[in-house]
file data_0.cif (mmCIF, C-alpha atoms and all ligand atoms)
data_final
#
loop_
_atom_site.label_atom_id
_atom_site.label_comp_id
_atom_site.auth_asym_id
_atom_site.auth_seq_id
_atom_site.Cartn_x
_atom_site.Cartn_y
_atom_site.Cartn_z
CA MET A 1 -285.79 -10.46 -103.23
CA PRO A 2 -288.96 -9.63 -105.13
CA TYR A 3 -291.37 -10.44 -102.28
CA LYS A 4 -290.61 -9.81 -98.63
CA ASP A 5 -294.09 -10.97 -97.66
CA PRO A 6 -293.86 -14.79 -97.26
CA GLU A 7 -297.41 -15.29 -98.56
CA LYS A 8 -296.72 -13.29 -101.74
CA ARG A 9 -293.46 -15.22 -102.17
CA LYS A 10 -295.29 -18.55 -101.87
CA GLU A 11 -297.94 -17.41 -104.34
CA HIS A 12 -295.22 -16.33 -106.81
CA SER A 13 -293.54 -19.75 -106.41
CA ARG A 14 -296.87 -21.56 -106.96
CA LYS A 15 -297.51 -19.56 -110.16
CA GLN A 16 -293.99 -20.26 -111.43
CA THR A 17 -294.36 -23.97 -110.66
CA ALA A 18 -297.71 -24.15 -112.50
CA LYS A 19 -296.36 -22.15 -115.45
CA LEU A 20 -293.26 -24.31 -115.90
CA LYS A 21 -294.77 -27.69 -114.92
CA GLY A 22 -294.04 -30.39 -117.50
CA THR A 23 -291.74 -28.14 -119.55
CA GLY A 24 -288.53 -29.32 -117.88
CA LYS A 25 -287.67 -25.68 -117.28
CA ARG A 26 -288.47 -25.79 -113.57
CA THR A 27 -285.17 -27.51 -112.76
CA GLU A 28 -283.28 -24.92 -114.79
CA TYR A 29 -285.27 -22.14 -113.11
CA HIS A 30 -284.32 -23.54 -109.68
CA ARG A 31 -280.69 -23.89 -110.71
CA GLN A 32 -280.57 -20.27 -111.90
CA TRP A 33 -282.44 -19.04 -108.82
CA ARG A 34 -280.00 -20.91 -106.56
CA LEU A 35 -277.00 -19.39 -108.36
CA LYS A 36 -278.46 -15.90 -107.93
CA ASN A 37 -279.22 -16.54 -104.25
CA LEU A 38 -276.22 -18.66 -103.28
CA ASP A 39 -275.56 -16.90 -99.96
CA ARG A 40 -279.18 -17.27 -98.92
CA CYS A 41 -279.21 -20.97 -99.93
CA ASN A 42 -275.98 -21.65 -98.07
CA GLU A 43 -277.27 -19.88 -94.97
CA THR A 44 -280.55 -21.83 -95.08
CA SER A 45 -278.63 -25.08 -95.51
CA ARG A 46 -276.24 -24.21 -92.65
CA ARG A 47 -279.17 -23.33 -90.35
CA TRP A 48 -281.01 -26.55 -91.24
CA LYS A 49 -277.92 -28.65 -90.49
CA GLU A 50 -277.43 -26.80 -87.19
CA ASN A 51 -281.05 -27.55 -86.18
CA ASN A 52 -281.01 -31.17 -87.42
CA LYS A 53 -277.67 -32.49 -86.17
CA ASP A 54 -279.13 -35.92 -85.40
CA LYS A 55 -280.37 -36.38 -88.96
CA VAL A 56 -277.08 -35.10 -90.37
CA ASN A 57 -275.07 -37.49 -88.17
CA GLN A 58 -277.32 -40.45 -89.03
CA THR A 59 -277.13 -39.74 -92.76
CA ARG A 60 -273.35 -39.31 -92.57
CA TYR A 61 -272.97 -42.57 -90.60
CA CYS A 62 -275.35 -44.61 -92.80
CA THR A 63 -273.76 -43.31 -96.01
CA ARG A 64 -270.21 -43.87 -94.80
CA TYR A 65 -270.79 -47.44 -93.59
CA LYS A 66 -273.73 -48.35 -95.85
CA ALA A 67 -275.50 -49.10 -92.57
CA THR A 68 -279.13 -49.39 -91.55
CA GLU A 69 -280.96 -47.21 -89.05
CA GLU A 70 -280.84 -50.13 -86.54
CA GLN A 71 -277.05 -50.34 -86.86
CA TYR A 72 -276.82 -46.58 -86.26
CA LYS A 73 -279.01 -46.90 -83.15
CA HIS A 74 -276.80 -49.78 -81.93
CA TYR A 75 -273.73 -47.58 -82.46
CA LEU A 76 -275.31 -44.70 -80.52
CA SER A 77 -276.41 -46.90 -77.61
CA ALA A 78 -273.11 -48.76 -77.26
CA THR A 79 -271.38 -47.86 -74.00
CA HIS A 80 -268.58 -50.46 -73.87
CA CYS A 81 -266.11 -51.91 -76.37
CA GLU A 82 -267.39 -55.20 -77.78
CA CYS A 83 -263.81 -56.48 -77.90
CA CYS A 84 -262.06 -55.49 -74.63
CA GLY A 85 -265.06 -54.30 -72.61
CA ILE A 86 -263.66 -50.89 -71.69
CA GLU A 87 -266.19 -48.09 -71.22
CA PHE A 88 -266.17 -45.57 -74.06
CA SER A 89 -265.03 -42.07 -73.23
CA ASP A 90 -264.22 -39.02 -75.30
CA ASP A 91 -261.72 -37.94 -72.63
CA HIS A 92 -259.00 -40.21 -73.98
CA ASP A 93 -258.38 -40.83 -77.65
CA THR A 94 -257.75 -44.58 -77.08
CA THR A 95 -261.18 -45.12 -75.48
CA ARG A 96 -263.07 -43.26 -78.18
CA LYS A 97 -265.93 -45.16 -79.83
CA CYS A 98 -265.28 -46.57 -83.34
CA GLN A 99 -267.56 -48.35 -85.76
CA ASP A 100 -265.63 -51.42 -86.81
CA HIS A 101 -266.21 -52.45 -90.40
CA CYS A 102 -264.54 -54.59 -93.03
CA HIS A 103 -262.63 -52.39 -95.48
CA ASP A 104 -262.83 -55.08 -98.18
CA THR A 105 -266.55 -55.88 -98.06
CA GLY A 106 -267.83 -52.78 -96.25
CA LYS A 107 -269.71 -54.99 -93.79
CA VAL A 108 -270.44 -53.31 -90.47
CA ARG A 109 -269.11 -55.36 -87.57
CA GLY A 110 -269.20 -54.22 -83.94
CA VAL A 111 -268.62 -51.06 -81.95
CA ILE A 112 -265.13 -51.10 -80.48
CA CYS A 113 -262.68 -48.68 -78.87
CA LYS A 114 -260.00 -46.95 -80.90
CA ARG A 115 -257.27 -48.99 -79.22
CA CYS A 116 -258.87 -52.29 -80.31
CA ASN A 117 -259.52 -50.88 -83.77
CA THR A 118 -255.84 -49.95 -84.08
CA VAL A 119 -254.72 -53.40 -82.88
CA GLU A 120 -257.11 -55.01 -85.36
CA ALA A 121 -255.56 -52.95 -88.17
CA GLN A 122 -252.04 -54.02 -87.09
CA TYR A 123 -253.14 -57.66 -87.00
CA LYS A 124 -254.52 -57.37 -90.53
CA PHE A 125 -251.12 -56.25 -91.83
CA ASN A 126 -249.25 -58.92 -89.82
CA PRO A 127 -251.39 -61.84 -88.55
CA ASN A 128 -248.37 -63.19 -86.64
CA ILE A 129 -248.00 -60.02 -84.58
CA PHE A 130 -249.33 -61.52 -81.32
CA GLU A 131 -246.98 -64.54 -81.51
CA GLN A 132 -244.07 -62.26 -82.33
CA LEU A 133 -244.94 -59.96 -79.42
CA LYS A 134 -245.21 -62.92 -77.06
CA GLU A 135 -241.77 -64.18 -78.12
CA TYR A 136 -240.29 -60.70 -77.87
CA ILE A 137 -241.61 -60.18 -74.31
CA ALA A 138 -240.49 -63.68 -73.24
CA LYS A 139 -237.01 -62.99 -74.63
CA HIS A 140 -236.67 -59.81 -72.56
CA GLN A 141 -238.01 -61.11 -69.23
ZN ZN B 201 -261.52 -52.16 -76.90
#

call {"tool": "encode", "arguments": {"input": "data_0.cif", "output": "structure tokens", "more": "lines below"}}
Ligand SMILES: [Zn+2]
result
Amino acid sequence: MPYKDPEKRKEHSRKQTAKLKGTGKRTEYHRQWRLKNLDRCNETSRRWKENNKDKVNQTRYCTRYKATEEQYKHYLSATHCECCGIEFSDDHDTTRKCQDHCHDTGKVRGVICKRCNTVEAQYKFNPNIFEQLKEYIAKHQ
């Protein structure tokens, strides 16, 4: 590192920015600098993610489900399954919180437990599953 003093480093960066401004070389300069300082960049990125877990989780959620900030807040504040009413808990896999969404349209639906999400997926593959289950149970009573 050419400058250990943060102020000298900032001044060097300002001079470089001014020198390369409008030439299109700044992006290339940054790319080259990043390649030379990959470990430092990765460490800085790791530290930032560690200190900003909420932002990372929100971005991940909103990107994955193409959701709004309000939908993310609704997901975070949900305490009970919107389908069966069971209280969410990380203690059991079946009561874990899931963001239900349509896989065809990507539309975010409700916040449900993993058990209801699994049943919903089964129903999608076989819409007659509940009738068949009812008949099966009646047959064996
Ligand atoms: Zn449920």

call {"tool": "atom_distance", "arguments": {"input": "data_0.cif", "atom1": "CA of Trp33 (chain A)", "atom2": "CA of Trp48 (chain A)"}}
result
19.2 Å

call {"tool": "closest_atom_pairs", "arguments": {"input": "data_0.cif", "of": "region 12-81 of chain A", "to": "region 89-113 of chain A", "cutoff": "9 Å", "atoms": "only C-alpha atoms", "output": "JSON lines"}}
result
{"residue": "A:Tyr65", "atom": "CA", "partner": "A:Val108", "partner_atom": "CA", "distance": 6.7}
{"residue": "A:Lys66", "atom": "CA", "partner": "A:Gly106", "partner_atom": "CA", "distance": 7.4}
{"residue": "A:Ala67", "atom": "CA", "partner": "A:Val108", "partner_atom": "CA", "distance": 6.9}
{"residue": "A:Gln71", "atom": "CA", "partner": "A:Val108", "partner_atom": "CA", "distance": 8.1}
{"residue": "A:His74", "atom": "CA", "partner": "A:Val111", "partner_atom": "CA", "distance": 8.3}
{"residue": "A:Tyr75", "atom": "CA", "partner": "A:Val111", "partner_atom": "CA", "distance": 6.2}
{"residue": "A:Ala78", "atom": "CA", "partner": "A:Val111", "partner_atom": "CA", "distance": 6.9}
{"residue": "A:Thr79", "atom": "CA", "partner": "A:Lys97", "partner_atom": "CA", "distance": 8.4}
{"residue": "A:His80", "atom": "CA", "partner": "A:Ile112", "partner_atom": "CA", "distance": 7.5}
{"residue": "A:Cys81", "atom": "CA", "partner": "A:Ile112", "partner_atom": "CA", "distance": 4.3}

call {"tool": "residues_near_ligand", "arguments": {"input": "data_0.cif", "ligand": "ligand ZN 201 (chain B)", "cutoff": "7 Å", "atoms": "all atoms listed in the file", "output": "list in words"}}
result
Cys81, Glu82, Cys83, Cys84, Gly85, Ile86, Ile112, Cys113, Lys114, Arg115 and Cys116 of chain A

call {"tool": "residues_around", "arguments": {"input": "data_0.cif", "residues": "region 58-63 of chain A", "least_positions_apart": "6", "cutoff": "9 Å", "atoms": "only C-alpha atoms", "output": "list in words"}}
result
Glu69, Gln71, Tyr72 and Lys73 of chain A

call {"tool": "atom_distance", "arguments": {"input": "data_0.cif", "atom1": "CA of Thr23 (chain A)", "atom2": "CA of Glu7 (chain A)"}}
result
25.3 Å

call {"tool": "closest_residue", "arguments": {"input": "data_0.cif", "among": "A:Asn117, A:Ser13, A:Phe125, A:Ala18", "to": "His30 (chain A)", "atoms": "only C-alpha atoms"}}
result
A:Ser13

call {"tool": "atom_distance", "arguments": {"input": "data_0.cif", "atom1": "CA of Asp54 (chain A)", "atom2": "CA of Asn42 (chain A)"}}
result
19.3 Å

call {"tool": "decode", "arguments": {"input": "data_0.cif", "residues": "region 3-138 of chain A", "atoms": "C-alpha atoms", "output": "PDB file, in the first residue's frame"}}
result
ATOM      1  CA  TYR A   3      -0.001   5.387   1.751  1.00  0.00           C
ATOM      2  CA  LYS A   4      -0.595   4.098   5.253  1.00  0.00           C
ATOM      3  CA  ASP A   5      -1.820   7.524   6.350  1.00  0.00           C
ATOM      4  CA  PRO A   6      -5.575   7.609   5.529  1.00  0.00           C
ATOM      5  CA  GLU A   7      -5.464  11.328   4.693  1.00  0.00           C
ATOM      6  CA  LYS A   8      -2.603  10.862   2.212  1.00  0.00           C
ATOM      7  CA  ARG A   9      -4.457   7.887   0.715  1.00  0.00           C
ATOM      8  CA  LYS A  10      -7.622   9.977   0.265  1.00  0.00           C
ATOM      9  CA  GLU A  11      -5.624  12.802  -1.301  1.00  0.00           C
ATOM     10  CA  HIS A  12      -3.966  10.337  -3.711  1.00  0.00           C
ATOM     11  CA  SER A  13      -7.410   8.957  -4.630  1.00  0.00           C
ATOM     12  CA  ARG A  14      -8.789  12.481  -5.196  1.00  0.00           C
ATOM     13  CA  LYS A  15      -5.856  13.342  -7.492  1.00  0.00           C
ATOM     14  CA  GLN A  16      -6.293  10.095  -9.436  1.00  0.00           C
ATOM     15  CA  THR A  17     -10.030  10.721  -9.790  1.00  0.00           C
ATOM     16  CA  ALA A  18      -9.455  14.279 -11.059  1.00  0.00           C
ATOM     17  CA  LYS A  19      -6.696  13.138 -13.428  1.00  0.00           C
ATOM     18  CA  LEU A  20      -8.763  10.351 -14.989  1.00  0.00           C
ATOM     19  CA  LYS A  21     -12.192  12.035 -14.864  1.00  0.00           C
ATOM     20  CA  GLY A  22     -13.981  11.902 -18.222  1.00  0.00           C
ATOM     21  CA  THR A  23     -11.315   9.689 -19.820  1.00  0.00           C
ATOM     22  CA  GLY A  24     -13.123   6.415 -19.092  1.00  0.00           C
ATOM     23  CA  LYS A  25      -9.908   5.144 -17.553  1.00  0.00           C
ATOM     24  CA  ARG A  26     -11.137   5.459 -13.983  1.00  0.00           C
ATOM     25  CA  THR A  27     -13.191   2.260 -14.253  1.00  0.00           C
ATOM     26  CA  GLU A  28     -10.188   0.411 -15.660  1.00  0.00           C
ATOM     27  CA  TYR A  29      -7.986   1.893 -12.929  1.00  0.00           C
ATOM     28  CA  HIS A  30     -10.440   0.647 -10.273  1.00  0.00           C
ATOM     29  CA  ARG A  31     -10.632  -2.777 -11.909  1.00  0.00           C
ATOM     30  CA  GLN A  32      -6.839  -3.084 -11.939  1.00  0.00           C
ATOM     31  CA  TRP A  33      -6.546  -1.756  -8.387  1.00  0.00           C
ATOM     32  CA  ARG A  34      -9.147  -4.276  -7.205  1.00  0.00           C
ATOM     33  CA  LEU A  35      -7.296  -7.146  -8.892  1.00  0.00           C
ATOM     34  CA  LYS A  36      -4.046  -6.097  -7.203  1.00  0.00           C
ATOM     35  CA  ASN A  37      -5.782  -5.765  -3.817  1.00  0.00           C
ATOM     36  CA  LEU A  38      -8.245  -8.649  -4.011  1.00  0.00           C
ATOM     37  CA  ASP A  39      -7.655  -9.898  -0.456  1.00  0.00           C
ATOM     38  CA  ARG A  40      -8.152  -6.424   0.965  1.00  0.00           C
ATOM     39  CA  CYS A  41     -11.338  -5.913  -1.104  1.00  0.00           C
ATOM     40  CA  ASN A  42     -12.733  -9.281  -0.063  1.00  0.00           C
ATOM     41  CA  GLU A  43     -11.961  -8.573   3.595  1.00  0.00           C
ATOM     42  CA  THR A  44     -13.609  -5.136   3.393  1.00  0.00           C
ATOM     43  CA  SER A  45     -16.653  -6.661   1.708  1.00  0.00           C
ATOM     44  CA  ARG A  46     -16.850  -9.475   4.297  1.00  0.00           C
ATOM     45  CA  ARG A  47     -16.588  -6.968   7.174  1.00  0.00           C
ATOM     46  CA  TRP A  48     -19.269  -4.726   5.645  1.00  0.00           C
ATOM     47  CA  LYS A  49     -21.650  -7.674   5.229  1.00  0.00           C
ATOM     48  CA  GLU A  50     -20.963  -8.761   8.826  1.00  0.00           C
ATOM     49  CA  ASN A  51     -21.809  -5.251  10.101  1.00  0.00           C
ATOM     50  CA  ASN A  52     -24.849  -4.788   7.828  1.00  0.00           C
ATOM     51  CA  LYS A  53     -26.661  -8.115   8.084  1.00  0.00           C
ATOM     52  CA  ASP A  54     -30.089  -6.441   7.993  1.00  0.00           C
ATOM     53  CA  LYS A  55     -29.336  -4.712   4.692  1.00  0.00           C
ATOM     54  CA  VAL A  56     -27.844  -7.901   3.253  1.00  0.00           C
ATOM     55  CA  ASN A  57     -30.907  -9.943   4.285  1.00  0.00           C
ATOM     56  CA  GLN A  58     -33.326  -7.327   2.927  1.00  0.00           C
ATOM     57  CA  THR A  59     -31.493  -7.098  -0.395  1.00  0.00           C
ATOM     58  CA  ARG A  60     -31.331 -10.891  -0.670  1.00  0.00           C
ATOM     59  CA  TYR A  61     -35.063 -11.213   0.135  1.00  0.00           C
ATOM     60  CA  CYS A  62     -36.182  -8.385  -2.191  1.00  0.00           C
ATOM     61  CA  THR A  63     -34.016  -9.660  -5.053  1.00  0.00           C
ATOM     62  CA  ARG A  64     -35.111 -13.268  -4.636  1.00  0.00           C
ATOM     63  CA  TYR A  65     -38.850 -12.509  -4.491  1.00  0.00           C
ATOM     64  CA  LYS A  66     -38.851  -9.222  -6.447  1.00  0.00           C
ATOM     65  CA  ALA A  67     -40.504  -7.837  -3.318  1.00  0.00           C
ATOM     66  CA  THR A  68     -40.919  -4.361  -1.887  1.00  0.00           C
ATOM     67  CA  GLU A  69     -39.548  -3.086   1.405  1.00  0.00           C
ATOM     68  CA  GLU A  70     -43.107  -3.246   2.862  1.00  0.00           C
ATOM     69  CA  GLN A  71     -43.395  -6.931   1.910  1.00  0.00           C
ATOM     70  CA  TYR A  72     -40.039  -7.595   3.585  1.00  0.00           C
ATOM     71  CA  LYS A  73     -41.212  -5.807   6.747  1.00  0.00           C
ATOM     72  CA  HIS A  74     -44.429  -7.862   6.679  1.00  0.00           C
ATOM     73  CA  TYR A  75     -42.331 -11.037   6.380  1.00  0.00           C
ATOM     74  CA  LEU A  76     -40.134 -10.003   9.320  1.00  0.00           C
ATOM     75  CA  SER A  77     -43.080  -9.085  11.558  1.00  0.00           C
ATOM     76  CA  ALA A  78     -45.129 -12.214  10.816  1.00  0.00           C
ATOM     77  CA  THR A  79     -45.381 -14.434  13.889  1.00  0.00           C
ATOM     78  CA  HIS A  80     -48.029 -16.959  12.792  1.00  0.00           C
ATOM     79  CA  CYS A  81     -48.744 -18.936   9.622  1.00  0.00           C
ATOM     80  CA  GLU A  82     -51.354 -17.175   7.488  1.00  0.00           C
ATOM     81  CA  CYS A  83     -52.709 -20.571   6.438  1.00  0.00           C
ATOM     82  CA  CYS A  84     -52.887 -22.810   9.545  1.00  0.00           C
ATOM     83  CA  GLY A  85     -52.251 -20.226  12.269  1.00  0.00           C
ATOM     84  CA  ILE A  86     -49.375 -22.055  13.952  1.00  0.00           C
ATOM     85  CA  GLU A  87     -46.741 -19.887  15.633  1.00  0.00           C
ATOM     86  CA  PHE A  88     -43.460 -19.778  13.729  1.00  0.00           C
ATOM     87  CA  SER A  89     -40.466 -21.347  15.400  1.00  0.00           C
ATOM     88  CA  ASP A  90     -36.962 -22.168  14.256  1.00  0.00           C
ATOM     89  CA  ASP A  91     -36.902 -25.088  16.712  1.00  0.00           C
ATOM     90  CA  HIS A  92     -38.769 -27.382  14.333  1.00  0.00           C
ATOM     91  CA  ASP A  93     -38.233 -27.457  10.600  1.00  0.00           C
ATOM     92  CA  THR A  94     -41.992 -27.791   9.904  1.00  0.00           C
ATOM     93  CA  THR A  95     -42.837 -24.565  11.768  1.00  0.00           C
ATOM     94  CA  ARG A  96     -40.125 -22.530  10.085  1.00  0.00           C
ATOM     95  CA  LYS A  97     -41.268 -19.310   8.395  1.00  0.00           C
ATOM     96  CA  CYS A  98     -41.532 -19.361   4.562  1.00  0.00           C
ATOM     97  CA  GLN A  99     -42.333 -16.630   2.096  1.00  0.00           C
ATOM     98  CA  ASP A 100     -45.019 -18.100  -0.118  1.00  0.00           C
ATOM     99  CA  HIS A 101     -44.833 -16.966  -3.724  1.00  0.00           C
ATOM    100  CA  CYS A 102     -46.113 -18.065  -7.103  1.00  0.00           C
ATOM    101  CA  HIS A 103     -43.354 -19.844  -9.028  1.00  0.00           C
ATOM    102  CA  ASP A 104     -45.047 -19.041 -12.352  1.00  0.00           C
ATOM    103  CA  THR A 105     -45.650 -15.304 -11.915  1.00  0.00           C
ATOM    104  CA  GLY A 106     -43.221 -14.568  -9.072  1.00  0.00           C
ATOM    105  CA  LYS A 107     -45.997 -12.824  -7.141  1.00  0.00           C
ATOM    106  CA  VAL A 108     -45.407 -12.696  -3.402  1.00  0.00           C
ATOM    107  CA  ARG A 109     -48.333 -14.190  -1.495  1.00  0.00           C
ATOM    108  CA  GLY A 110     -48.390 -14.681   2.276  1.00  0.00           C
ATOM    109  CA  VAL A 111     -46.057 -15.811   5.018  1.00  0.00           C
ATOM    110  CA  ILE A 112     -46.733 -19.442   5.857  1.00  0.00           C
ATOM    111  CA  CYS A 113     -45.068 -22.303   7.732  1.00  0.00           C
ATOM    112  CA  LYS A 114     -42.926 -24.848   5.940  1.00  0.00           C
ATOM    113  CA  ARG A 115     -45.522 -27.566   6.475  1.00  0.00           C
ATOM    114  CA  CYS A 116     -48.235 -25.534   4.693  1.00  0.00           C
ATOM    115  CA  ASN A 117     -45.768 -24.571   1.969  1.00  0.00           C
ATOM    116  CA  THR A 118     -44.976 -28.257   1.398  1.00  0.00           C
ATOM    117  CA  VAL A 119     -48.678 -29.191   1.300  1.00  0.00           C
ATOM    118  CA  GLU A 120     -49.301 -26.357  -1.155  1.00  0.00           C
ATOM    119  CA  ALA A 121     -46.548 -27.718  -3.409  1.00  0.00           C
ATOM    120  CA  GLN A 122     -48.076 -31.227  -3.256  1.00  0.00           C
ATOM    121  CA  TYR A 123     -51.499 -29.800  -4.107  1.00  0.00           C
ATOM    122  CA  LYS A 124     -50.051 -28.016  -7.127  1.00  0.00           C
ATOM    123  CA  PHE A 125     -48.746 -31.310  -8.529  1.00  0.00           C
ATOM    124  CA  ASN A 126     -52.003 -33.158  -7.745  1.00  0.00           C
ATOM    125  CA  PRO A 127     -55.059 -30.925  -7.109  1.00  0.00           C
ATOM    126  CA  ASN A 128     -57.102 -34.027  -6.185  1.00  0.00           C
ATOM    127  CA  ILE A 129     -54.756 -34.963  -3.343  1.00  0.00           C
ATOM    128  CA  PHE A 130     -57.143 -33.934  -0.534  1.00  0.00           C
ATOM    129  CA  GLU A 131     -60.063 -35.933  -1.981  1.00  0.00           C
ATOM    130  CA  GLN A 132     -57.789 -38.923  -2.508  1.00  0.00           C
ATOM    131  CA  LEU A 133     -56.483 -38.661   1.059  1.00  0.00           C
ATOM    132  CA  LYS A 134     -60.018 -38.418   2.419  1.00  0.00           C
ATOM    133  CA  GLU A 135     -61.054 -41.554   0.507  1.00  0.00           C
ATOM    134  CA  TYR A 136     -57.905 -43.377   1.585  1.00  0.00           C
ATOM    135  CA  ILE A 137     -58.474 -42.583   5.283  1.00  0.00           C
ATOM    136  CA  ALA A 138     -62.182 -43.492   5.056  1.00  0.00           C
TER     137      ALA A 138
END
